Amino acid sequence: MKEIGIGIIGHGFMGHEHEKMLSQLEGFRVVGISDIDPTQLEDVFEGEKRYASNEELMNDPEVDVVLIVANNNQHHDLVCQAARAGKDIICEKPVAMSLEELDDMVKVTDECGVKFTVHHQRRYDLDFRTMKEVFDQGTLGNVYAIKNQLYGYNGNMHDWHVLVSEGGGMLYDWGVHLLDQVLWMMPGAKIKSVFADIRNVINEEVDDYFNIMLKFDNNITAVVELGTYYLADKPQDKWFERHWHIAGDKGSAYVDGFFPEGKIVRTSSLLKNVGGKRTMTAAGPTRSFGPPQEGKILTEELPKVDTKHEDYFRNYYNAYFGEEEFLVKIPETRRVLALMNAVRESGRTGKSIDFE
Ligand SMILES: NC(=O)c1ccc[n+]([C@@H]2O[C@H](COP(=O)([O-])OP(=O)(O)OC[C@H]3O[C@@H](n4cnc5c(N)ncnc54)[C@H](O)[C@@H]3O)[C@@H](O)[C@H]2O)c1
């Protein structure tokens with residue numbers, strides 16, 4: 001099997017993850033690692049090089065692909081340098097801090113004739129892929145709403161992720177994944193409008209909450225919401241909330257958690273109202289929100305989907321040798337950046353923004 005020699009730039013949190021995964025994956029060899037902070041290279045695996053500089057890594061003939069895992073504000077310059085050194089490139093998300101940066105990166109990588117893609121591996125997340133499979137099967141009828149949500153309970157944002165100058169903030173960090181998933185779930189659909197609330201709840205510089213509503217031309221409205229400061233007292237292994245919900249006129253599907261627990265749910269008489277039993281609230285009874293009569297709600301198991309992080313690199317390997325297409329295409333990442341601009345504009349103006 002042919003091997004791709006990888007040089008990793010940035011050996012922090014995610015750089016370590018890449019090193020671990022790629023050193024175990026057939027077809028890849030981590031040739032070496034560079035980091036502007038030499039202390040980050042102390043635990044580089046045996047057999048891998050510790051470069052004294054990024055330039056040394058980029059000029060190493062054993063390195064075929066440079067994997068850029070440095071802070072977000074470094075991506076533009078590092079991608080351009082690696083391209084000029086003739087290396088193929090995988091860049092971490094968000095690919096760039098702005099459309100201008102990305103357009104320049106594309107110009108340089110095109111001119112240099114190198115392969116350039118982005119590590120959007122959350123397209124392989126099990127919860128997302130399960131819901132995409134349900135969506136693609138089309139058994140929910142006319143889908144009208146999609147929700148993609150993530151909440152943390154203690155306001156945990158760390159290191160440079162709280163600094164604007166380094167590319168911090170949750171829209172760049174997780175928004176880029178959550179929006180990319182929704183767009184990739186229905187690639188043909190155009191976004192008509194964007195309305196967003198985006199806030200710095202406890203962080204002075206960067207956003208730590210957003211609620212985004214996207215109206216698509218296929219009549220679906222998607223809500224993407226993330227909060228880092230949704231205080232709650234939960235067990236260690238449930239220290240976040242992760243939800244998907246897809247609602248159609250012939251059924252709904254939901255999953256909770258990154259390892260999805262959920263169901264497809266339908267009523268026994270499709271497209272008909274199912275009466276609710278009387279139920280009490282503190283200030284009076286309700287039927288609309290009472291439990292359904294027995295036997296009226298039917299559930300089905302979610303489809304079984306087999307997907308994991310390393311599938312991203314399996315696709316990369318096959319695409320590298322021309323056997324399939326790269327899953328993540330640069331124009332798709334550009335569309336997400338443009339959408340993030342519209343989200344920010346809507347948040348700033350309080351108005352809905354026409355898009356596409
Ligand atoms: N795809 C994912 O799931 C995922 C998860 C986490 C982080 N990331 C991305 O990975 C990147 C790194 O994030 P992190 O959380 O690992 O940050 P980190 O701070 O833990 O690590 C970044 C490392 O890059 C080094 N660095 C900074 N500038 C450099 C430069 N010019 N040259 C060489 N090294 C440099 C730093 O010294 C540090 O060791 C970010 O772009 C982030 O968005 C992606």
# chains A, B, ... in the order shown; residues from 1 in each chain; ligands from 1
call {"tool": "residues_around", "arguments": {"residues": "Gly276 in chain A", "least_positions_apart": "5", "cutoff": "8 Å", "atoms": "only C-alpha atoms", "output": "list of chain:residue names"}}
result
A:Arg287, A:Ser288, A:Phe289, A:Gly290, A:Pro291, A:Pro292, A:Gln293
call {"tool": "residues_near_ligand", "arguments": {"ligand": "ligand 1", "cutoff": "6 Å", "atoms": "only C-alpha atoms and all ligand atoms", "output": "VMD selection string"}}
result
chain A and resid 9 to 15 34 to 37 40 69 to 72 74 92 to 94 119 to 120 173
call {"tool": "select_by_dssp", "arguments": {"residues": "range 47-257 of chain A", "states": "alpha helix (DSSP H)", "output": "NGL selection string"}}
result
:A and (54-58 or 75-84 or 99-112 or 126-137 or 170 or 176-185)
call {"tool": "closest_residue", "arguments": {"among": "A:Gln137, A:Asn148, A:Thr109, A:Asn318", "to": "Pro303 in chain A", "atoms": "only C-alpha atoms"}}
result
A:Gln137
call {"tool": "atom_distance", "arguments": {"atom1": "CA of Pro61 in chain A", "atom2": "CA of Glu48 in chain A"}}
result
14.3 Å
call {"tool": "closest_residue", "arguments": {"among": "A:Val106, A:Ala85, A:Ala222, A:Met185", "to": "Arg129 in chain A", "atoms": "only C-alpha atoms"}}
result
A:Met185
call {"tool": "residues_around", "arguments": {"residues": "range 63-67 of chain A", "least_positions_apart": "3", "cutoff": "7 Å", "atoms": "only C-alpha atoms", "output": "number ranges by chain"}}
result
A: 4-9, 31, 60, 82, 87-91
call {"tool": "atom_distance", "arguments": {"atom1": "CA of Gly32 in chain A", "atom2": "CA of Gly47 in chain A"}}
result
8.4 Å
call {"tool": "select_by_dssp", "arguments": {"residues": "range 147-241 of chain A", "states": "strand (DSSP E or B)", "output": "VMD selection string"}}
result
chain A and resid 147 to 152 191 to 199 209 to 216 221 to 227 240 to 241
call {"tool": "closest_residue", "arguments": {"among": "A:Asp208, A:Asp197, A:Glu56, A:Asp180", "to": "Gly152 in chain A", "atoms": "only C-alpha atoms"}}
result
A:Asp208
call {"tool": "closest_residue", "arguments": {"among": "A:Asn203, A:Glu19, A:Tyr153, A:Pro260", "to": "Lys234 in chain A", "atoms": "only C-alpha atoms"}}
result
A:Tyr153
call {"tool": "residues_around", "arguments": {"residues": "Val201 in chain A", "least_positions_apart": "5", "cutoff": "10 Å", "atoms": "only C-alpha atoms", "output": "list in words"}}
result
Gly155, Val206, Asp207, Asp208, Tyr209, Phe210, Gly227, Thr228 and Tyr229 of chain A
call {"tool": "atom_distance", "arguments": {"atom1": "CA of Asn211 in chain A", "atom2": "CA of Met186 in chain A"}}
result
19.9 Å
